[in-house]
Amino acid sequence: MLRLLKRTSAKAGLPPGTLLHIGEEKTHDVNISIIDYDPGRVDEKARATIDDLIAFKERPSVTWINVNGIHDVSVVEAIGKAFNLHPLLLEDVMHTGQRAKMEDYETHLFVVLQMVERREDHEEIEVEQISIVIGSGYVISFQEWEGDVFDTVRERIRNGKGRIRLMGSDYIAHALIDAVVDNYFLALERIGEVIEDLQDQVLTDPRPETLQDIQQAKRDMIFFRKSVWPLREAVGILGREDSPLITESVRPYLRDIYDHTIQVIDTIETFRDLISGTLDVYLSSVSNRMNEVMKVLTIIATIFIPLTFVVGIYGMNFKYMPELEWRWGYFVIWGIMLFLAGLMLIGFKRKKWL
Amino acid sequence: MLRLLKRTSAKAGLPPGTLLHIGEEKTHDVNISIIDYDPGRVDEKARATIDDLIAFKERPSVTWINVNGIHDVSVVEAIGKAFNLHPLLLEDVMHTGQRAKMEDYETHLFVVLQMVERREDHEEIEVEQISIVIGSGYVISFQEWEGDVFDTVRERIRNGKGRIRLMGSDYIAHALIDAVVDNYFLALERIGEVIEDLQDQVLTDPRPETLQDIQQAKRDMIFFRKSVWPLREAVGILGREDSPLITESVRPYLRDIYDHTIQVIDTIETFRDLISGTLDVYLSSVSNRMNEVMKVLTIIATIFIPLTFVVGIYGMNFKYMPELEWRWGYFVIWGIMLFLAGLMLIGFKRKKWL
Amino acid sequence: MLRLLKRTSAKAGLPPGTLLHIGEEKTHDVNISIIDYDPGRVDEKARATIDDLIAFKERPSVTWINVNGIHDVSVVEAIGKAFNLHPLLLEDVMHTGQRAKMEDYETHLFVVLQMVERREDHEEIEVEQISIVIGSGYVISFQEWEGDVFDTVRERIRNGKGRIRLMGSDYIAHALIDAVVDNYFLALERIGEVIEDLQDQVLTDPRPETLQDIQQAKRDMIFFRKSVWPLREAVGILGREDSPLITESVRPYLRDIYDHTIQVIDTIETFRDLISGTLDVYLSSVSNRMNEVMKVLTIIATIFIPLTFVVGIYGMNFKYMPELEWRWGYFVIWGIMLFLAGLMLIGFKRKKWL
Amino acid sequence: MLRLLKRTSAKAGLPPGTLLHIGEEKTHDVNISIIDYDPGRVDEKARATIDDLIAFKERPSVTWINVNGIHDVSVVEAIGKAFNLHPLLLEDVMHTGQRAKMEDYETHLFVVLQMVERREDHEEIEVEQISIVIGSGYVISFQEWEGDVFDTVRERIRNGKGRIRLMGSDYIAHALIDAVVDNYFLALERIGEVIEDLQDQVLTDPRPETLQDIQQAKRDMIFFRKSVWPLREAVGILGREDSPLITESVRPYLRDIYDHTIQVIDTIETFRDLISGTLDVYLSSVSNRMNEVMKVLTIIATIFIPLTFVVGIYGMNFKYMPELEWRWGYFVIWGIMLFLAGLMLIGFKRKKWL
Amino acid sequence: MLRLLKRTSAKAGLPPGTLLHIGEEKTHDVNISIIDYDPGRVDEKARATIDDLIAFKERPSVTWINVNGIHDVSVVEAIGKAFNLHPLLLEDVMHTGQRAKMEDYETHLFVVLQMVERREDHEEIEVEQISIVIGSGYVISFQEWEGDVFDTVRERIRNGKGRIRLMGSDYIAHALIDAVVDNYFLALERIGEVIEDLQDQVLTDPRPETLQDIQQAKRDMIFFRKSVWPLREAVGILGREDSPLITESVRPYLRDIYDHTIQVIDTIETFRDLISGTLDVYLSSVSNRMNEVMKVLTIIATIFIPLTFVVGIYGMNFKYMPELEWRWGYFVIWGIMLFLAGLMLIGFKRKKWL
């Protein structure tokens with residue numbers, strides 16, 4: 001739960017703009033990679049230094065700088081200095097758990113978003129903060145750890161597939177955001193499978209663990225929703241942004257991302273409804289089972305308690321009990337008891353308990 | 001559940017505008033039909049080729065091209081090329097599970113909508129994506145499979161019934177959307193009958209299967225709602241659209257569709273309320289039955305457990321038990337027991353358990 | 001439930017503007033009545049013909065035409081022709097189950113509303129569509145069947161009570177709408193009484209039928225709400241309408257109806273809350289009764305099961321059971337059993353079960 | 001419940017502006033009192049006549065007319081005539097159960113509000129309609145019965161405390177509305193105490209009556225909310241009203257009332273949440289008690305039913321039952337039974353039932 | 001509960017602007033401290049007098065006046081006089097339980113906010129009202145009691161850390177509000193830990209006390225929400241405020257606080273969802289335990305009640321009961337009983353009750 005709160009208290013009382021990493025340190029290795037390209041050429045540099053950044057920045061071509069690991073204040077500070085970024089922007093980069101947002105710093109735009117992953121081997125969804133700075137001729141992306149979400153973008157630049165090499169830094173920023181949004185669909189698919197499993201389980205074999213899984217899915221959707229919801233507004237603002245950094249030809253693509261974000265939100269709402277329906281079925285299944293238990297108890301008790309009373313009567317030791325002396329008394333009693341039992345069984349049939 | 005999510009993950013990482021069919025392949029047979037008409041004449045061509053399309057496109061008359069089956073990239077691409085359609089538009093056509101929307105591409109308008117069908121023999125509602133391109137003098141409609149939803153429109157063109165032959169491509173587009181919206185009413189009617197059945201069932205014979213049917217109806221409404229809700233906005237935008245492709249005389253008809261869409265949404269909300277009321281009655285019926293079971297158990301146990309105790313007493317083997325020797329002991333005990341039983345029955349009457 | 005859906009499917013595929021009566025045929029007898037008046041004079045004509053209509057239309061005085069029964073296409077068509085009404089308007093008149101709305105056709109305004117009635121002898125509320133056409137110097141009202149809702153308006157015209165004879169067709173239209181809204185209050189009052197009865201019943205004598213009545217009230221409110229909610233907007237638009245057909249002096253009266261409509265909606269919401277509270281009490285009452293049943297069972301079983309065990313012991317046939325031989329054994333056992341029973345009763349008192 | 005609906009049906013069919021008292025007649029005695037003041041002087045007249053009103057109206061000083069009892073048509077009509085009030089305004093005054101609203105009649109403003117009282121000796125909250133007409137140099141307030149809510153305002157005028165005597169009719173109107181809003185806080189306080197009591201009760205001693213009290217509190221909040229909610233808008237409009245009747249220096253005071261109204265609404269929402277939480281605890285407490293009952297039953301039954309079986313065995317009358325002959329048989333059986341009982345007790349301990 | 005209502009009734013009837021302390025008196029010691037600084041210098045004065053205030057006010061440097069304890073009318077009145085503050089402002093300062101708001105009094109701005117604290121040793125969250133007056137060259141903050149929330153701001157001024165000494169009174173006001181918002185995160189963290197504990201508890205050991213803790217957390221969130229929600233608007237207005245008192249360079253910092261406030265609200269909503277999920281799990285756990293109890297009862301009763309009947313049969317004293325005479329009768333009966341018991345155990349296995 002504290003995942004999304006991110007111990008912000010550590011910063012309480014510090015002046016705004018103080019750089020301090022808030023969040024888990026998800027990788028030890030801070031790692032800067034650069035891809036610089038124009039329509040005819042791609043230069044790549046892994047494990048680049050701050051000096052490399054400045055060198056690439058000067059070039060007229062498009063430079064995409066990806067930073068893996070954001071916990072090292074000195075690195076973030078150096079990048080901030082090199083690209084003249086506002087201290088509040090750098091603070092947001094290092095302080096994970098931000099609300100997705102888009103801010104206009106005139107010479108550059110700043111987008112924060114939360115990537116959501118549901119890994120096979122993890123019980124809960126995980127959230128990673130991605131920060132993107134869109135400048136004139138460069139894009140800087142900050143990731144919490146080394147992930148593969150941007151690999152397809154890298155491939156597209158390398159191969160020159162699509163129009164990516166022909167366009168500017170706004171298009172590459174779009175490609176990065178698009179990659180994150182595509183990732184949401186992957187996460188939703190996994191959660192969708194989990195929900196389908198749960199829908200089967202509640203009907204066939206509802207167990208206390210099922211309830212826990214339903215609750216986990218519910219919590220996942222709460223966090224997912226919290227991560228994606230503000231993105232819609234951020235992407236919407238970016239698409240309408242009246243900044244020279246966004247060219248007209250990129251706007252349809254941003255609108256496309258906007259549509260996808262709304263689709264993600266729609267699906268999240270649908271999943272929430274489905275999960276809550278699953279919970280209803282679970283509770284009802286449990287109560288149906290209870291009913292069945294009660295019925296068995298009642299049938300057994302209702303048949304045998306009166307019969308036990310009957311046999312108890314003839315177990316009494318009164319001196320004068322005429323029936324006991326009768327020749328066929330024992331068998332008559334058997335007859336009476338079988339008749340009573342039969343009567344009750346018919347009654348149960350009528351009430352549809354059997 | 002994945003019905004509406006449509007495995008979008010398959011596209012993750014591909015550049016936007018990449019044509020790739022997403023969704024079930026609902027028909028093998030891709031099939032283009034053309035109807036071309038002016039007030040005095042109707043030409044039809046089934047199983048048209050791309051070349052036919054181009055030929056008809058040149059004519060001044062209104063051309064309606066209907067494409068059944070959207071999974072063949074080459075066909076969609078060829079049509080796109082022939083009519084100069086934007087790659088993002090073609091992507092949306094092939095990628096089923098879009099949110100209903102209306103987009104203005106200046107030389108043509110693009111409307112996506114989701115047709116909802118509740119077939120008699122299917123347990124769940126089915127959703128089919130219909131895409132409509134409205135150009136100057138032509139309309140292209142894309143369906144996922146060969147359906148009969150547009151047959152009435154075809155008939156009206158053939159017979160020249162109503163004003164359809166007198167009007168342009170915007171009117172035919174209106175007629176197609178109208179046919180889809182009319183279809184919603186058909187689906188709602190079937191679901192309405194299901195809800196009425198369920199309302200009877202929960203009162204007369206609530207079974208675990210009833211709960212499953214209620215949940216299915218609930219899920220159907222969730223998907224139905226998700227499909228229709230965004231259509232309202234799309235049709236609203238289309239009606240207010242300031243495009244030369246929409247003539248003034250068609251606007252009242254678009255407003256009419258808008259009214260119908262709101263009526264569909266109203267009915268969906270009403271059905272949701274009714275279904276949730278049915279669920280309440282179901283749960284309460286189940287709990288009433290449980291109560292009845294408990295009452296029977298309690299009545300039987302409360303009458304016979306004390307009596308069994310009484311007969312147990314006189315089954316004891318103490319040497320000195322004066323009552324056992326009494327001449328009328330046995331009958332007195334019977335009297336006492338009948339009195340006790342009577343007393344309890346009166347008590348139950350008072351508590352209204354009988 | 002299909003009451004509000006009105007088998008719209010019957011129209012699926014027909015061109016818009018096709019006249020077809022949708023809904024129950026609630027009266028066989030189509031019946032046109034005319035009231036024509038100016039400040040000094042009132043002319044009435046029952047069972048008027050289409051020719052009468054045209055004759056009255058020409059007069060400078062205000063003409064109110066009331067049509068009972070809307071299922072006869074020829075009548076509606078003839079009126080449409082006489083007053084030059086748009087086919088979509090006529091379609092809405094005949095197609096019951098419309099959403100309340102107000103539309104401006106320049107030479108006339110068109111208002112549709114749903115009258116709600118809760119008749120004493122009917123279990124469910126009934127909805128009747130009233131359509132009103134406001135033209136210059138005439139008003140046409142269409143009712144589904146012969147009702148008495150407009151009788152008070154008729155009386156006021158006849159008696160010249162209030163200002164009705166001094167004002168134009170907009171005022172008479174206002175009076176008709178006002179009569180329908182007043183009728184809502186009547187319906188709400190009846191439902192209010194039902195809710196009060198239910199609130200008593202759930203406390204004193206909650207039965208399964210009570211639940212059905214609660215659900216019926218709930219459903220009634222759902223349909224009531226669906227009928228009234230859009231009226232608010234329609235009346236609001238009518239009040240602000242910038243049409244020469246609405247004179248300035250009538251606006252305060254329209255604002256007054258608007259206020260009443262909001263009051264109706266407020267009351268509906270309040271009733272919904274009250275009904276849902278009643279449902280909570282019902283469920284809780286039922287569960288309280290169950291608790292009482294369980295307590296009785298537990299008290300009886302807890303007292304007598306151990307005692308039965310005790311008497312069972314001394315019913316054993318072991319050769320060597322010293323107690324059996326004791327002179328006062330039997331009475332000692334009685335003492336022990338009474339002591340045990342007393343102990344348990346005290347325990348129950350402590351737990352407040354008695 | 002009909003409290004807020006106020007039998008509006010009585011008016012159905014009457015022309016708008018017809019004066020007719022709707023609501024309970026809460027006092028027999030219609031009673032007009034006048035306070036007329038300027039900074040240096042206060043004149044009071046209890047039990048004033050209509051002629052007095054006209055006399056005071058002419059004076060340049062501020063005149064506050066308070067009318068207790070609104071059921072007498074002749075009085076209201078006479079006042080209306082004297083001050084030239086619109087018939088719809090007078091209708092609203094007499095027709096209790098209005099939604100709070102503010103209307104601008106150019107020469108005077110009209111404010112209706114609902115005072116809410118929770119009297120110690122009443123079970124339900126009571127609602128009284130207060131109508132205030134703000135004219136140039138006079139204010140008329142209508143109350144349903146003689147109350148003490150305006151006494152503090154009277155005192156302030158008499159003593160010249162605060163600025164009240166220095167300001168105009170808008171300030172006195174503000175003071176009256178403020179007094180009503182202050183009264184809401186009093187009512188909320190009482191309800192707050194009731195809720196605190198209920199929160200204790202559900203934990204310590206939940207009884208069926210507790211549920212009724214919770215539901216009563218819930219209903220009270222529904223009516224309270226319905227009464228206060230529209231006031232917010234009315235006061236907001238009054239504060240922004242562009243009328244010469246509202247002087248600039250009074251606006252901050254109106255904004256102050258607006259803030260208080262929002263605070264009242266906030267508190268109502270909070271109370272609703274608290275009540276619904278209390279209901280949850282109640283239901284859960286009841287179900288916990290049920291659990292306890294079931295546990296006692298199960299423990300007793302589980303221990304003694306098997307033991308009773310054991311003693312039953314040795315109560316059988318078979319000729320050849322070796323154990324019966326054993327010297328220590330009886331004691332061995334006792335040992336076995338004690339062992340079994342101990343075993344079960346340990347099992348219960350493990351399951352934490354004891 | 002009355003915490004947030006704050007016995008406002010005490011003021012009912014007093015003229016607006018009357019100074020009267022509403023709320024608990026949380027400290028006896030009213031205590032004014034002054035910090036006066038410019039970029040090069042810091043002057044501090046603890047336990048300042050009203051005369052000190054006036055002296056410092058005249059200086060051109062920035063003066064921050066902090067008042068601990070607001071219940072002393074004479075002190076608040078004197079400050080109001082010295083700084084020429086509006087009586088309604090002073091009333092708001094003394095009347096705790098205000099809604100967070102921001103008001104523009106032209107020569108000064110006024111911000112009220114509610115600090116929320118969840119102390120380790122307290123069961124409930126506590127709310128303290130902080131009022132801030134932002135004037136030209138001075139800031140006055142009012143606290144209900146001596147707290148340490150502003151210590152970090154004091155330290156930053158003393159050390160000249162960050163830009164605080166370089167900026168004006170608007171920045172210091174920002175720093176104070178920021179400190180309060182940071183405090184929210186601290187409170188949320190503690191509540192987050194409580195929720196995590198509760199989530200564990202409901203799964204491992206749900207007890208009635210757990211329910212109370214859940215309800216307490218729920219109530220805490222209701223109050224927290226009520227305190228923070230209006231702050232969002234207040235801070236938003238402050239950030240957009242077109243007042244010369246807010247310099248352009250401070251706006252990004254105000255926007256930063258705005259972002260944090262939204263984050264707090266998001267987290268509150270998330271916590272509310274989590275708590276309500278925890279409640280669901282609790283209720284379900286309780287009902288699962290009940291099921292287990294019922295199962296044990298049913299298994300025991302179902303096995304032994306029929307067996308007890310069987311042994312009861314052979315405890316009867318009929319003269320002619322052939323089985324009793326059989327040599328192996330006793331053992332045969334044992335066999336039958338073991339067989340029956342085994343049969344039932346297999347049945348239970350099948351139903352998965354074991």
# chains A, B, ... in the order shown; residues from 1 in each chain; ligands from 1

$ closest_atom_pairs --of "chain D" --to "chain C" --cutoff "8 Å" --atoms "only C-alpha atoms" --output "tab-separated table"
residue	atom	partner	partner_atom	distance
D:Met1	CA	C:Gly192	CA	6.9
D:Leu2	CA	C:Gly192	CA	6.6
D:Leu5	CA	C:Glu189	CA	7.3
D:Arg7	CA	C:Glu189	CA	7.0
D:Thr8	CA	C:Phe185	CA	6.2
D:Ser9	CA	C:Leu186	CA	5.1
D:Lys11	CA	C:Asp182	CA	7.8
D:Ala12	CA	C:Asp182	CA	5.1
D:Gly13	CA	C:Thr152	CA	5.1
D:Leu14	CA	C:Thr152	CA	7.3
D:Pro15	CA	C:Gly162	CA	6.2
D:Pro16	CA	C:Tyr253	CA	7.5
D:Gln98	CA	C:Gln263	CA	7.8
D:Arg99	CA	C:Gln263	CA	6.7
D:Pro208	CA	C:Asn288	CA	7.5
D:Leu211	CA	C:Val281	CA	7.5
D:Gln212	CA	C:Val281	CA	7.8
D:Gln215	CA	C:Gly277	CA	6.8
D:Arg219	CA	C:Leu274	CA	6.9
D:Ile222	CA	C:Thr270	CA	6.7
D:Phe223	CA	C:Thr270	CA	7.7
D:Lys226	CA	C:Asp266	CA	7.3
D:Leu283	CA	C:Ser284	CA	7.4
D:Val286	CA	C:Asn288	CA	7.8
D:Met290	CA	C:Asn291	CA	6.1
D:Val293	CA	C:Lys295	CA	6.6
D:Met294	CA	C:Thr298	CA	7.4
D:Val296	CA	C:Thr298	CA	7.5
D:Leu297	CA	C:Thr298	CA	5.2
D:Ile300	CA	C:Thr302	CA	6.0
D:Ala301	CA	C:Ile305	CA	7.0
D:Phe304	CA	C:Pro306	CA	6.0
D:Ile305	CA	C:Ile305	CA	7.2
D:Leu307	CA	C:Phe309	CA	6.8
D:Thr308	CA	C:Phe309	CA	4.8
D:Val311	CA	C:Ile313	CA	5.4
D:Gly312	CA	C:Gly312	CA	6.2
D:Ile313	CA	C:Met316	CA	7.8
D:Tyr314	CA	C:Met316	CA	4.8
D:Gly315	CA	C:Met316	CA	3.9
D:Met316	CA	C:Asn317	CA	7.3
D:Asn317	CA	C:Asn317	CA	7.5
D:Glu323	CA	C:Phe318	CA	7.6
D:Leu324	CA	C:Phe318	CA	4.4
D:Glu325	CA	C:Lys319	CA	5.6
D:Trp326	CA	C:Lys319	CA	7.5
D:Arg327	CA	C:Tyr320	CA	6.2
D:Trp328	CA	C:Tyr320	CA	7.4
D:Gly329	CA	C:Phe318	CA	6.9
D:Tyr330	CA	C:Phe318	CA	6.1

$ residues_around --residues "Ser141 in chain E" --least-positions-apart "6" --cutoff "8 Å" --atoms "only C-alpha atoms" --output "count of residues only"
8

$ residues_around --residues "Leu19 in chain D" --least-positions-apart "6" --cutoff "10 Å" --atoms "only C-alpha atoms" --output "list in words"
Lys11, His71, Asp72, Val73, Ser74, Val76, Glu77, Pro87, Leu88, Leu89, Leu90, Glu91, Asp92, Val93, Met94 and His95 of chain D

$ write_last_selection --atoms "N, CA and C atoms" --output "PDB file, in the first residue's frame"
ATOM      1  N   LYS D  11     -53.871  21.020  -4.803  1.00  0.00           N
ATOM      2  CA  LYS D  11     -53.879  22.143  -5.731  1.00  0.00           C
ATOM      3  C   LYS D  11     -53.990  21.739  -7.186  1.00  0.00           C
ATOM      4  N   HIS D  71     -51.626  30.539   7.026  1.00  0.00           N
ATOM      5  CA  HIS D  71     -52.741  29.780   6.456  1.00  0.00           C
ATOM      6  C   HIS D  71     -53.953  30.659   6.150  1.00  0.00           C
ATOM      7  N   ASP D  72     -53.899  31.917   6.544  1.00  0.00           N
ATOM      8  CA  ASP D  72     -55.066  32.766   6.323  1.00  0.00           C
ATOM      9  C   ASP D  72     -54.915  33.521   5.000  1.00  0.00           C
ATOM     10  N   VAL D  73     -55.693  33.073   3.996  1.00  0.00           N
ATOM     11  CA  VAL D  73     -55.567  33.637   2.655  1.00  0.00           C
ATOM     12  C   VAL D  73     -55.785  35.153   2.671  1.00  0.00           C
ATOM     13  N   SER D  74     -56.754  35.614   3.453  1.00  0.00           N
ATOM     14  CA  SER D  74     -57.098  37.042   3.402  1.00  0.00           C
ATOM     15  C   SER D  74     -55.919  37.900   3.855  1.00  0.00           C
ATOM     16  N   VAL D  76     -52.612  37.121   3.819  1.00  0.00           N
ATOM     17  CA  VAL D  76     -51.525  37.077   2.830  1.00  0.00           C
ATOM     18  C   VAL D  76     -51.915  37.931   1.618  1.00  0.00           C
ATOM     19  N   GLU D  77     -53.159  37.812   1.211  1.00  0.00           N
ATOM     20  CA  GLU D  77     -53.620  38.568   0.043  1.00  0.00           C
ATOM     21  C   GLU D  77     -53.536  40.081   0.312  1.00  0.00           C
ATOM     22  N   PRO D  87     -48.638  37.380  -7.700  1.00  0.00           N
ATOM     23  CA  PRO D  87     -49.439  36.256  -7.184  1.00  0.00           C
ATOM     24  C   PRO D  87     -48.638  34.961  -7.024  1.00  0.00           C
ATOM     25  N   LEU D  88     -47.666  34.708  -7.943  1.00  0.00           N
ATOM     26  CA  LEU D  88     -46.885  33.469  -7.815  1.00  0.00           C
ATOM     27  C   LEU D  88     -46.061  33.488  -6.536  1.00  0.00           C
ATOM     28  N   LEU D  89     -45.576  34.678  -6.148  1.00  0.00           N
ATOM     29  CA  LEU D  89     -44.818  34.832  -4.903  1.00  0.00           C
ATOM     30  C   LEU D  89     -45.720  34.480  -3.720  1.00  0.00           C
ATOM     31  N   LEU D  90     -46.909  35.050  -3.693  1.00  0.00           N
ATOM     32  CA  LEU D  90     -47.826  34.777  -2.584  1.00  0.00           C
ATOM     33  C   LEU D  90     -48.188  33.289  -2.533  1.00  0.00           C
ATOM     34  N   GLU D  91     -48.355  32.703  -3.723  1.00  0.00           N
ATOM     35  CA  GLU D  91     -48.647  31.273  -3.761  1.00  0.00           C
ATOM     36  C   GLU D  91     -47.520  30.482  -3.090  1.00  0.00           C
ATOM     37  N   ASP D  92     -46.273  30.845  -3.407  1.00  0.00           N
ATOM     38  CA  ASP D  92     -45.135  30.152  -2.802  1.00  0.00           C
ATOM     39  C   ASP D  92     -45.115  30.336  -1.294  1.00  0.00           C
ATOM     40  N   VAL D  93     -45.497  31.523  -0.820  1.00  0.00           N
ATOM     41  CA  VAL D  93     -45.503  31.773   0.622  1.00  0.00           C
ATOM     42  C   VAL D  93     -46.465  30.805   1.321  1.00  0.00           C
ATOM     43  N   MET D  94     -47.629  30.642   0.737  1.00  0.00           N
ATOM     44  CA  MET D  94     -48.661  29.835   1.393  1.00  0.00           C
ATOM     45  C   MET D  94     -48.488  28.349   1.161  1.00  0.00           C
ATOM     46  N   HIS D  95     -47.802  28.012   0.124  1.00  0.00           N
ATOM     47  CA  HIS D  95     -47.637  26.619  -0.247  1.00  0.00           C
ATOM     48  C   HIS D  95     -46.330  26.120   0.373  1.00  0.00           C
TER      49      HIS D  95
END

$ residues_around --residues "range 46-55 of chain C" --least-positions-apart "3" --cutoff "8 Å" --atoms "only C-alpha atoms" --output "list in words"
Asn31, Ile32, Ser33, Ile34, Glu58, Arg59, Ile65, Val75, Ala78, Ile79 and Ala82 of chain C

$ write_last_selection --atoms "N, CA and C atoms" --output "compact mmCIF listing (two decimals), in the first residue's frame"
# COMPACT_ATOMS: atom_id res chain seq x y z
N ASN C 31 -60.71 10.25 -31.05
CA ASN C 31 -61.72 11.21 -30.66
C ASN C 31 -61.07 12.58 -30.59
N ILE C 32 -61.50 13.48 -31.44
CA ILE C 32 -60.91 14.82 -31.49
C ILE C 32 -61.90 15.81 -30.90
N SER C 33 -61.44 16.63 -29.96
CA SER C 33 -62.33 17.66 -29.42
C SER C 33 -61.66 19.02 -29.60
N ILE C 34 -62.47 20.05 -29.82
CA ILE C 34 -61.94 21.38 -30.07
C ILE C 34 -62.54 22.35 -29.06
N GLU C 58 -58.38 28.68 -38.94
CA GLU C 58 -58.35 29.98 -39.62
C GLU C 58 -58.76 31.13 -38.69
N ARG C 59 -59.58 30.83 -37.70
CA ARG C 59 -60.07 31.89 -36.81
C ARG C 59 -58.93 32.55 -36.04
N ILE C 65 -56.92 21.91 -29.63
CA ILE C 65 -57.41 20.66 -30.20
C ILE C 65 -56.84 19.52 -29.37
N VAL C 75 -55.58 9.53 -39.14
CA VAL C 75 -55.95 10.74 -38.40
C VAL C 75 -54.72 11.61 -38.16
N ALA C 78 -53.52 13.20 -41.29
CA ALA C 78 -54.39 14.29 -41.74
C ALA C 78 -54.14 15.57 -40.93
N ILE C 79 -54.02 15.40 -39.61
CA ILE C 79 -53.73 16.57 -38.77
C ILE C 79 -52.39 17.17 -39.17
N ALA C 82 -52.83 19.12 -42.24
CA ALA C 82 -53.61 20.34 -42.01
C ALA C 82 -52.76 21.43 -41.37
